[in-house]
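Have a look at query.tsv; it's TSV, C-alpha atoms:
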```tsv
chain	number	residue	atom	x	y	z
A	236	MET	CA	16.20	-9.75	131.51
A	237	THR	CA	13.31	-10.14	133.91
A	238	ALA	CA	13.46	-11.21	137.53
A	239	ALA	CA	14.26	-14.83	138.31
A	240	LYS	CA	11.38	-17.26	137.93
A	241	LYS	CA	9.87	-18.61	141.13
A	242	GLY	CA	11.96	-21.43	142.55
A	243	ARG	CA	14.95	-20.65	140.32
A	244	ILE	CA	18.23	-19.68	141.96
A	245	GLY	CA	19.13	-16.11	141.06
A	246	ARG	CA	21.99	-15.43	138.66
A	247	VAL	CA	24.10	-12.29	139.04
A	248	GLY	CA	26.45	-10.88	136.41
A	249	PHE	CA	29.44	-8.65	137.18
A	250	VAL	CA	31.39	-5.90	135.44
A	251	SER	CA	34.38	-4.82	137.56
A	252	LEU	CA	36.35	-1.69	136.64
A	253	GLY	CA	39.03	0.34	138.37
A	254	CYS	CA	41.94	-0.37	140.70
A	255	PRO	CA	42.84	-3.51	142.69
A	256	LYS	CA	40.90	-2.15	145.71
A	257	ALA	CA	37.76	-2.11	143.60
A	258	LEU	CA	38.52	-5.65	142.46
A	259	VAL	CA	38.74	-6.77	146.09
A	260	ASP	CA	35.34	-5.17	146.73
A	261	THR	CA	33.94	-7.18	143.80
A	262	GLU	CA	35.52	-10.36	145.18
A	263	ARG	CA	33.87	-9.79	148.54
A	264	ILE	CA	30.45	-9.28	146.92
A	265	VAL	CA	30.89	-12.40	144.76
A	266	THR	CA	31.98	-14.44	147.80
A	267	GLU	CA	28.95	-13.42	149.86
A	268	LEU	CA	26.52	-14.05	147.00
A	269	ARG	CA	27.98	-17.49	146.31
A	270	ALA	CA	27.79	-18.33	150.02
A	271	GLU	CA	24.11	-17.42	149.92
A	272	GLY	CA	23.51	-19.71	146.97
A	273	TYR	CA	23.42	-17.26	144.07
A	274	ILE	CA	24.97	-18.28	140.76
A	275	ILE	CA	27.49	-15.97	139.06
A	276	ALA	CA	26.44	-15.51	135.43
A	277	ALA	CA	28.97	-15.40	132.59
A	278	ASP	CA	27.09	-12.99	130.32
A	279	TYR	CA	24.26	-10.48	130.25
A	280	LYS	CA	21.64	-12.86	128.84
A	281	GLU	CA	22.16	-15.43	131.62
A	282	ALA	CA	21.98	-12.89	134.41
A	283	ASP	CA	18.85	-11.88	136.31
A	284	LEU	CA	20.62	-8.64	137.22
A	285	VAL	CA	24.08	-7.11	136.71
A	286	ILE	CA	26.35	-5.36	139.22
A	287	VAL	CA	28.72	-2.77	137.75
A	288	ASN	CA	31.63	-1.81	140.02
A	289	THR	CA	32.76	1.61	138.79
A	290	CYS	CA	35.80	3.91	138.89
A	291	ALA	CA	35.90	7.71	138.99
A	292	PHE	CA	39.60	8.45	139.40
A	293	ILE	CA	40.01	10.41	136.14
A	294	ASP	CA	37.65	11.60	133.40
A	295	ALA	CA	38.48	8.61	131.20
A	296	ALA	CA	37.54	6.25	134.04
A	297	VAL	CA	34.22	8.08	134.53
A	298	ALA	CA	33.48	7.79	130.81
A	299	GLU	CA	34.35	4.07	130.83
A	300	SER	CA	32.11	3.48	133.83
A	301	LEU	CA	29.18	5.33	132.24
A	302	GLU	CA	29.65	3.32	129.06
A	303	ALA	CA	29.66	0.05	131.03
A	304	ILE	CA	26.46	1.02	132.89
A	305	THR	CA	24.74	2.02	129.64
A	306	GLU	CA	25.73	-1.27	128.00
A	307	ALA	CA	24.48	-3.30	130.96
A	308	LEU	CA	21.15	-1.45	130.88
A	309	ARG	CA	20.82	-2.03	127.15
A	310	GLU	CA	21.75	-5.72	127.24
A	311	ASN	CA	20.10	-6.71	130.52
A	312	GLY	CA	18.00	-3.87	131.92
A	313	ARG	CA	18.41	-4.67	135.63
A	314	VAL	CA	21.56	-2.98	136.91
A	315	ILE	CA	23.00	-2.15	140.35
A	316	VAL	CA	25.89	0.33	140.40
A	317	THR	CA	28.56	0.32	143.09
A	318	GLY	CA	32.07	1.69	143.49
A	319	CYS	CA	33.68	5.12	143.38
A	320	LEU	CA	31.44	6.65	140.73
A	321	GLY	CA	28.42	5.52	142.72
A	322	GLY	CA	29.77	7.41	145.71
A	323	LYS	CA	30.41	10.65	143.82
A	324	LYS	CA	28.29	13.53	145.16
A	325	LYS	CA	27.15	16.89	143.82
A	326	ALA	CA	27.67	20.11	145.74
A	327	ASP	CA	24.28	19.68	147.43
A	328	GLY	CA	25.19	16.19	148.63
A	329	GLU	CA	22.93	14.35	146.20
A	330	SER	CA	24.18	11.52	143.99
A	331	TRP	CA	26.06	12.74	140.93
A	332	LEU	CA	25.18	9.56	139.05
A	333	GLN	CA	21.47	9.16	139.79
A	334	GLU	CA	20.19	11.74	137.30
A	335	ARG	CA	22.52	10.45	134.58
A	336	VAL	CA	21.36	6.81	134.84
A	337	PRO	CA	17.91	7.00	136.46
A	338	LYS	CA	16.87	3.52	135.31
A	339	VAL	CA	19.35	1.61	137.51
A	340	LEU	CA	17.93	-0.41	140.40
A	341	GLY	CA	20.16	1.22	142.97
A	342	ILE	CA	23.48	2.97	143.60
A	343	THR	CA	26.04	2.36	146.35
A	344	GLY	CA	29.53	3.71	146.95
A	345	PRO	CA	32.94	2.06	147.40
A	346	ASP	CA	33.40	-0.54	150.15
A	347	SER	CA	29.61	-0.87	150.48
A	348	LEU	CA	29.23	-4.63	150.80
A	349	ALA	CA	26.17	-4.61	153.07
A	350	GLU	CA	24.32	-1.96	151.05
A	351	THR	CA	25.02	-3.73	147.74
A	352	LEU	CA	23.89	-7.09	149.11
A	353	ALA	CA	20.73	-5.45	150.44
A	354	LEU	CA	19.91	-4.19	146.93
A	355	VAL	CA	20.48	-7.67	145.49
A	356	HIS	CA	18.22	-9.20	148.15
A	357	ALA	CA	15.54	-6.61	147.45
A	358	HIS	CA	15.50	-7.13	143.67
A	359	LEU	CA	16.50	-10.78	143.45
A	360	PRO	CA	15.51	-12.64	146.63
A	361	ARG	CA	17.04	-16.05	147.05
A	362	PRO	CA	14.22	-18.61	147.20
A	363	HIS	CA	13.99	-20.71	150.33
A	364	GLU	CA	15.36	-24.20	149.78
A	365	PRO	CA	13.79	-26.51	152.39
A	366	PHE	CA	16.30	-29.29	151.69
A	367	ASP	CA	19.34	-27.01	151.90
A	368	ASP	CA	18.36	-24.32	154.40
A	369	LEU	CA	18.33	-25.33	158.06
A	370	VAL	CA	16.68	-22.07	159.14
A	371	PRO	CA	13.52	-20.57	157.57
A	372	ALA	CA	13.71	-17.12	156.01
A	373	ALA	CA	11.81	-15.61	158.95
A	374	GLY	CA	14.24	-17.13	161.46
A	375	LEU	CA	13.40	-19.29	164.46
A	376	LYS	CA	10.75	-17.77	166.72
A	377	LEU	CA	9.78	-18.62	170.30
A	378	THR	CA	6.38	-16.90	170.05
A	379	PRO	CA	3.19	-18.59	168.82
A	380	ALA	CA	2.99	-18.81	165.04
A	381	HIS	CA	0.40	-16.07	164.63
A	382	TYR	CA	2.46	-13.15	165.99
A	383	ALA	CA	6.09	-12.05	166.22
A	384	TYR	CA	8.09	-9.20	167.72
A	385	LEU	CA	9.87	-6.85	165.34
A	386	LYS	CA	12.69	-4.97	167.08
A	387	ILE	CA	13.58	-1.76	165.26
A	388	SER	CA	16.24	-0.28	167.54
A	389	GLU	CA	18.31	-0.89	170.63
A	390	GLY	CA	19.11	1.31	173.61
A	391	CYS	CA	17.75	4.68	174.69
A	392	SER	CA	19.26	8.18	174.74
A	393	HIS	CA	17.04	9.46	177.59
A	394	HIS	CA	19.14	9.06	180.73
A	395	CYS	CA	16.34	9.31	183.28
A	396	THR	CA	17.60	8.90	186.81
A	397	PHE	CA	15.05	6.19	187.63
A	398	CYS	CA	15.92	4.03	184.60
A	399	ILE	CA	18.85	1.68	184.17
A	400	ILE	CA	18.24	0.78	180.52
A	401	PRO	CA	20.78	3.21	178.97
A	402	ASP	CA	23.42	1.81	181.34
A	403	LEU	CA	22.62	-1.73	180.26
A	404	ARG	CA	21.93	-1.28	176.56
A	405	GLY	CA	23.56	2.01	175.70
A	406	ASP	CA	22.24	4.94	173.69
A	407	LEU	CA	19.78	4.63	170.83
A	408	VAL	CA	20.98	2.61	167.82
A	409	SER	CA	18.39	2.30	165.03
A	410	ARG	CA	18.41	-0.67	162.68
A	411	PRO	CA	18.61	0.08	158.94
A	412	ILE	CA	15.06	0.45	157.66
A	413	GLY	CA	15.72	-1.94	154.77
A	414	ASP	CA	16.70	-4.69	157.22
A	415	VAL	CA	13.61	-4.08	159.35
A	416	LEU	CA	11.21	-4.18	156.39
A	417	ARG	CA	12.88	-7.25	154.91
A	418	GLU	CA	12.52	-9.07	158.24
A	419	ALA	CA	8.87	-8.01	158.44
A	420	GLU	CA	8.18	-9.31	154.94
A	421	ASN	CA	9.81	-12.65	155.75
A	422	LEU	CA	7.75	-12.94	158.93
A	423	VAL	CA	4.50	-12.31	157.06
A	424	LYS	CA	5.50	-14.77	154.34
A	425	GLY	CA	6.15	-17.28	157.11
A	426	GLY	CA	2.56	-17.01	158.35
A	427	VAL	CA	2.75	-14.26	160.97
A	428	LYS	CA	-0.55	-12.37	161.26
A	429	GLU	CA	0.44	-9.65	163.76
A	430	LEU	CA	3.72	-7.72	163.97
A	431	LEU	CA	4.50	-6.24	167.38
A	432	VAL	CA	6.95	-3.37	166.82
A	433	ILE	CA	9.22	-2.96	169.83
A	434	SER	CA	12.24	-0.99	171.04
A	435	GLN	CA	13.08	1.05	174.10
A	436	ASP	CA	11.87	4.30	172.52
A	437	THR	CA	9.94	3.49	169.35
A	438	ALA	CA	9.06	7.05	168.34
A	439	ALA	CA	12.77	7.97	168.43
A	440	TYR	CA	13.52	5.51	165.63
A	441	GLY	CA	16.03	7.05	163.23
A	442	LEU	CA	16.88	10.02	165.45
A	443	ASP	CA	20.43	8.75	166.01
A	444	VAL	CA	21.09	8.63	162.24
A	445	ARG	CA	19.27	11.93	161.57
A	446	TYR	CA	16.48	10.10	159.75
A	447	ARG	CA	18.78	9.27	156.85
A	448	THR	CA	17.32	7.70	153.74
A	449	GLY	CA	17.68	3.94	153.39
A	450	PHE	CA	16.43	1.52	150.73
A	451	ALA	CA	13.60	-0.99	150.85
A	452	GLY	CA	12.77	-2.98	147.74
A	453	GLY	CA	15.04	-0.66	145.79
A	454	ARG	CA	13.01	2.39	146.86
A	455	PRO	CA	14.36	5.21	149.06
A	456	VAL	CA	12.66	5.24	152.46
A	457	LYS	CA	13.48	7.60	155.32
A	458	THR	CA	14.60	5.96	158.59
A	459	ARG	CA	11.74	7.32	160.69
A	460	LEU	CA	8.77	5.80	162.50
A	461	LEU	CA	6.19	7.46	160.24
A	462	GLU	CA	7.66	6.01	157.05
A	463	LEU	CA	8.30	2.65	158.73
A	464	ALA	CA	4.70	2.41	159.93
A	465	ARG	CA	3.42	3.36	156.49
A	466	GLU	CA	5.51	0.62	154.83
A	467	LEU	CA	4.54	-1.99	157.43
A	468	GLY	CA	0.89	-1.06	156.90
A	469	LYS	CA	1.16	-2.30	153.32
A	470	LEU	CA	1.85	-5.87	154.51
A	471	ASP	CA	-0.88	-8.43	154.99
A	472	ALA	CA	-0.70	-8.36	158.78
A	473	TRP	CA	-1.78	-6.33	161.79
A	474	VAL	CA	0.85	-3.86	162.95
A	475	ARG	CA	0.89	-2.90	166.64
A	476	LEU	CA	3.33	-0.24	167.87
A	477	HIS	CA	4.66	-0.58	171.40
A	478	TYR	CA	6.46	2.02	173.55
A	479	VAL	CA	5.55	5.03	171.39
A	480	TYR	CA	6.41	8.13	173.40
A	481	PRO	CA	5.32	11.65	172.42
A	482	TYR	CA	7.50	13.22	169.73
A	483	PRO	CA	6.66	15.90	167.14
A	484	SER	CA	6.09	13.20	164.49
A	485	THR	CA	3.77	11.04	166.60
A	486	ASP	CA	0.59	12.86	165.56
A	487	ALA	CA	1.21	11.80	161.96
A	488	VAL	CA	1.48	8.18	163.12
A	489	VAL	CA	-1.90	8.53	164.82
A	490	GLU	CA	-3.32	9.56	161.45
A	491	LEU	CA	-2.14	6.23	160.00
A	492	MET	CA	-4.23	4.56	162.71
A	493	ALA	CA	-7.21	6.62	161.56
A	494	GLN	CA	-6.61	5.36	158.01
A	495	GLY	CA	-6.54	1.75	159.20
A	496	LEU	CA	-2.95	1.08	158.12
A	497	ILE	CA	-1.85	0.15	161.64
A	498	LEU	CA	-3.77	-0.86	164.75
A	499	PRO	CA	-5.21	1.93	166.93
A	500	TYR	CA	-3.05	1.05	169.90
A	501	LEU	CA	-0.50	3.06	171.88
A	502	ASP	CA	1.47	2.47	175.06
A	503	VAL	CA	1.70	6.05	176.28
A	504	PRO	CA	3.89	6.74	179.33
A	505	ARG	CA	2.24	9.62	181.13
A	506	THR	CA	4.26	11.67	183.56
A	507	LEU	CA	2.61	12.57	186.84
A	508	PRO	CA	2.09	16.28	187.38
A	509	ALA	CA	3.36	16.32	190.95
A	510	ARG	CA	6.58	18.18	191.60
A	511	ALA	CA	8.07	15.29	193.54
A	512	SER	CA	7.80	13.13	190.45
A	513	ALA	CA	9.80	15.61	188.39
A	514	CYS	CA	12.44	15.86	191.08
A	515	ALA	CA	12.73	12.09	191.21
A	516	GLN	CA	13.50	11.98	187.51
A	517	GLY	CA	16.30	14.52	187.66
A	518	ASN	CA	16.38	18.20	186.73
A	519	GLU	CA	17.35	17.66	183.10
A	520	ALA	CA	14.57	15.19	182.39
A	521	ALA	CA	11.89	17.12	184.28
A	522	GLY	CA	11.26	19.83	181.69
A	523	GLU	CA	11.25	17.33	178.88
A	524	ARG	CA	8.78	15.06	180.65
A	525	ARG	CA	6.46	17.97	181.41
A	526	LYS	CA	6.34	18.74	177.68
A	527	GLU	CA	5.61	15.08	176.98
A	528	SER	CA	2.79	15.11	179.52
A	529	ARG	CA	1.09	17.94	177.64
A	530	ALA	CA	1.64	16.14	174.35
A	531	ASN	CA	0.03	13.00	175.78
A	532	CYS	CA	-3.32	14.78	176.08
A	533	GLY	CA	-3.29	15.48	172.35
A	534	LEU	CA	-2.43	11.88	171.55
A	535	GLU	CA	-5.23	10.54	173.69
A	536	SER	CA	-7.86	12.74	172.10
A	537	GLY	CA	-6.43	12.02	168.64
A	538	VAL	CA	-6.73	8.26	168.98
A	539	SER	CA	-10.14	8.32	170.66
A	540	ARG	CA	-11.42	10.69	167.96
A	541	HIS	CA	-10.64	8.17	165.23
A	542	HIS	CA	-10.82	4.78	166.91
A	543	ASP	CA	-11.24	2.96	170.17
A	544	PRO	CA	-9.58	4.56	173.21
A	545	LEU	CA	-5.93	3.84	173.68
A	546	ASP	CA	-4.23	1.88	176.45
A	547	LEU	CA	-2.59	4.36	178.80
A	548	HIS	CA	0.19	3.35	181.20
A	549	HIS	CA	1.37	5.47	184.10
A	550	GLY	CA	4.94	5.17	185.30
A	551	VAL	CA	5.29	6.44	188.86
A	552	PRO	CA	8.90	7.12	189.90
A	553	GLY	CA	9.22	7.14	193.69
A	554	ARG	CA	5.47	7.30	194.25
A	555	ASP	CA	3.75	6.48	197.54
A	556	ARG	CA	0.28	4.93	197.76
A	557	ARG	CA	-1.47	8.30	197.65
A	558	GLY	CA	0.41	9.24	194.49
A	559	VAL	CA	-0.61	5.98	192.84
A	560	ARG	CA	-4.26	6.64	193.64
A	561	VAL	CA	-4.03	10.14	192.19
A	562	SER	CA	-2.35	8.92	189.01
A	563	ALA	CA	-4.92	6.20	188.47
A	564	ARG	CA	-7.71	8.81	188.28
A	565	LEU	CA	-6.05	10.73	185.43
A	566	PRO	CA	-7.03	8.45	182.51
A	567	ALA	CA	-10.68	9.44	182.86
A	568	ARG	CA	-9.80	12.79	181.35
A	569	GLY	CA	-8.25	11.15	178.30
A	570	ALA	CA	-10.96	8.51	177.69
A	571	ALA	CA	-8.41	5.73	178.11
A	572	ARG	CA	-9.81	2.22	178.02
A	573	SER	CA	-7.47	0.93	180.70
A	574	CYS	CA	-4.56	1.97	182.84
A	575	GLY	CA	-1.54	-0.02	183.98
A	576	VAL	CA	0.35	1.50	186.88
A	577	LEU	CA	4.04	0.66	186.95
A	578	CYS	CA	6.05	1.38	190.06
A	579	LEU	CA	9.53	2.66	189.33
A	580	GLN	CA	11.92	2.46	192.25
A	581	PRO	CA	15.37	3.89	192.89
A	582	ARG	CA	17.96	1.26	192.12
A	583	GLY	CA	18.35	-1.30	194.83
A	584	ARG	CA	14.84	-0.89	196.24
A	585	SER	CA	12.58	-3.92	196.28
A	586	ALA	CA	9.82	-4.05	193.67
A	587	GLY	CA	7.48	-5.25	196.40
A	588	GLN	CA	7.26	-1.76	197.87
A	589	CYS	CA	4.44	-1.03	195.48
A	590	THR	CA	1.82	-3.49	196.68
A	591	SER	CA	-0.25	-5.52	194.28
A	592	ARG	CA	-3.52	-4.32	195.81
A	593	SER	CA	-2.85	-0.66	195.11
A	594	VAL	CA	-2.41	-1.54	191.45
A	595	ALA	CA	-5.16	-4.09	191.14
A	596	ARG	CA	-7.83	-1.75	192.53
A	597	ARG	CA	-7.25	0.51	189.54
A	598	GLY	CA	-8.12	-2.11	186.98
A	599	ALA	CA	-4.75	-3.05	185.57
A	600	ARG	CA	-5.31	-5.45	182.70
A	601	ARG	CA	-2.24	-7.56	183.45
A	602	PRO	CA	-1.54	-9.35	186.73
A	603	PRO	CA	0.07	-6.90	189.17
A	604	SER	CA	3.20	-9.03	189.41
A	605	THR	CA	3.94	-8.37	185.74
A	606	LEU	CA	3.63	-4.64	186.28
A	607	HIS	CA	6.54	-4.61	188.69
A	608	GLY	CA	9.82	-4.57	186.88
A	609	GLY	CA	12.51	-3.12	189.09
A	610	ALA	CA	14.16	0.05	187.87
A	611	GLY	CA	11.93	1.10	185.01
A	612	ARG	CA	11.39	-2.19	183.24
A	613	ASP	CA	9.79	-1.68	179.81
A	614	PHE	CA	9.11	2.00	180.43
A	615	CYS	CA	12.17	3.90	179.32
```

Show how you would write the structure in this file as structure tokens.
Amino acid sequence: MTAAKKGRIGRVGFVSLGCPKALVDTERIVTELRAEGYIIAADYKEADLVIVNTCAFIDAAVAESLEAITEALRENGRVIVTGCLGGKKKADGESWLQERVPKVLGITGPDSLAETLALVHAHLPRPHEPFDDLVPAAGLKLTPAHYAYLKISEGCSHHCTFCIIPDLRGDLVSRPIGDVLREAENLVKGGVKELLVISQDTAAYGLDVRYRTGFAGGRPVKTRLLELARELGKLDAWVRLHYVYPYPSTDAVVELMAQGLILPYLDVPRTLPARASACAQGNEAAGERRKESRANCGLESGVSRHHDPLDLHHGVPGRDRRGVRVSARLPARGAARSCGVLCLQPRGRSAGQCTSRSVARRGARRPPSTLHGGAGRDFC
């Protein structure tokens, strides 16, 4: 059976094997699909795809599950496997089932409602019904129609002493890459022409989950900025990365800019070389930031070598006027097109202590008032 015709509500068939717990898992999947408007098919020929909920308790159960998967592939051809057999692993941690039934659309384990639904959405999207759906597939946006923000993670694991963000939003939590790409696709289908990728620490995307492999469109995709940028670059829209700090993988992202997959744009936070700046950030962060400062030079030359110069932003923790003037001269070495100087104050200090004139004289592209953000706004 081929995919559902355009405008036709998707039909999903089910084969449920195993114990009552597996049956409850099937009931939950059926309930969610019906709530989303899918139709539950009564046989293979009616179905646009088939979900087989498997058992692996004993050898006979494994054989029955394999037989059910084989039958579904033969009679329908579009099969998603879930349940205990789907979760069975080899000694090396890889799926035991994948090499035995390589033609299935995807495999999930027991109690994997979200992952199974994601596979259904990827292979059998529910068409938008303007008379039934109160909210468009891309969601309601408060930005102009031509661009939208795409948030890929929340929080930050760098506990810099001048920044309050980890206290407010917690440590880094990356969104599943399948969810991010599905949202991006819906935004582009809804008319968005530029995707602005945002987070607190964009280059750290996936670090908290050890860059585990997710699924997008039924394909395995690693939860990492490089793979995310590559997938976003395939969409019919500009892709602009914000808040990309220096990490070992960032150079590879710059190469995607050279290839034209994403826009040649970086917000690079450059640490000042002065010792007072390192002390203001805290001993633990100082060494790390010094390494990042050296890495920044490579990023700047890498972008300018391939494309227009990047936008370089200097954060200045606890800086006086002289320090601001010194920092504003640094971009000349990196061929940066422009420099925004952000004053970072100890908590409780007024943002007005960094005067607008000291920033404006250095050619900040945005009004100076927007560059003041309290304790590390936007630069964490």

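For the residues A:Ser484, A:Ile264, A:Ile412, A:Lys469, ranking by smallest atom-to-atom distance to Lys457 (chain A) using only C-alpha atoms places A:Ile412 first.
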
Do you have, as a tab-separated table, the list of residues of region 389-410 of chain A lying at most 7 Å from region 436-451 of chain A, each with its nearest atom pair and that distance in Å to one decimal, counting all atoms listed in the file and ordered by chain then number?
```
residue	atom	partner	partner_atom	distance
A:Cys391	CA	A:Asp436	CA	6.3
A:Leu407	CA	A:Asp443	CA	6.4
A:Val408	CA	A:Asp443	CA	6.4
A:Ser409	CA	A:Gly441	CA	5.6
```

Can you pull out every residue within 12 Å of Leu258 (chain A), counting only C-alpha atoms, but drop anything in the same chain fewer than 4 positions away, and send it as a ChimeraX atom specification?
/A:249-254,262-265,287-290,317-319,345-346

Given the point (14.6, 6.2, 140.6) in the file's coordinates, find the residues that have an atom at most 12 Å from it, counting all atoms listed in the file, and give them as number ranges by chain.
A: 315, 330, 332-342, 450, 452-455

Generate the output file for the selected residues, C-alpha atoms, as a JSON list (two decimals), in the coordinates of the input.
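part-v4.json, written as the output of this step:
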```json
[["chain", "number", "residue", "atom", "x", "y", "z"],
["A", 315, "ILE", "CA", 23.00, -2.15, 140.35],
["A", 330, "SER", "CA", 24.18, 11.52, 143.99],
["A", 332, "LEU", "CA", 25.18, 9.56, 139.05],
["A", 333, "GLN", "CA", 21.47, 9.16, 139.79],
["A", 334, "GLU", "CA", 20.19, 11.74, 137.30],
["A", 335, "ARG", "CA", 22.52, 10.45, 134.58],
["A", 336, "VAL", "CA", 21.36, 6.81, 134.84],
["A", 337, "PRO", "CA", 17.91, 7.00, 136.46],
["A", 338, "LYS", "CA", 16.87, 3.52, 135.31],
["A", 339, "VAL", "CA", 19.35, 1.61, 137.51],
["A", 340, "LEU", "CA", 17.93, -0.41, 140.40],
["A", 341, "GLY", "CA", 20.16, 1.22, 142.97],
["A", 342, "ILE", "CA", 23.48, 2.97, 143.60],
["A", 450, "PHE", "CA", 16.43, 1.52, 150.73],
["A", 452, "GLY", "CA", 12.77, -2.98, 147.74],
["A", 453, "GLY", "CA", 15.04, -0.66, 145.79],
["A", 454, "ARG", "CA", 13.01, 2.39, 146.86],
["A", 455, "PRO", "CA", 14.36, 5.21, 149.06]]
```

Could you state the separation of CA of Asp414 (chain A) and CA of Gly426 (chain A) in Å, given to one decimal place?
18.8 Å

To one decimal in Å, tell me the separation between CA of Tyr480 (chain A) and CA of Leu496 (chain A).
19.3 Å

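Across A:Gly248, A:Gly344, A:Pro379, A:Pro499, the tightest approach to Leu284 (chain A) is made by A:Gly248 when counting all atoms listed in the file.
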
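The gap separating CA of Leu498 (chain A) from CA of Arg475 (chain A) is 5.4 Å, in Å to one decimal.
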
For Ala487 (chain A), list every protein, DNA or RNA residue within 10 Å, evaluated using all atoms listed in the file, and leave out those in the same chain fewer than 3 positions away; present the list as a list in words.
Leu460, Leu461, Glu462, Pro483, Ser484, Glu490, Leu491, Met492 and Ala493 of chain A

Can you work out which one of A:Val370, A:Ala380, A:Val259, A:Val285 has the shortest atom-to-atom distance to Glu306 (chain A), counting only C-alpha atoms?
A:Val285

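With only C-alpha atoms as the atoms that count, the residue of A:Val316, A:Val489, A:Ala291, A:Ala326 with the shortest distance to Ser347 (chain A) is A:Val316.
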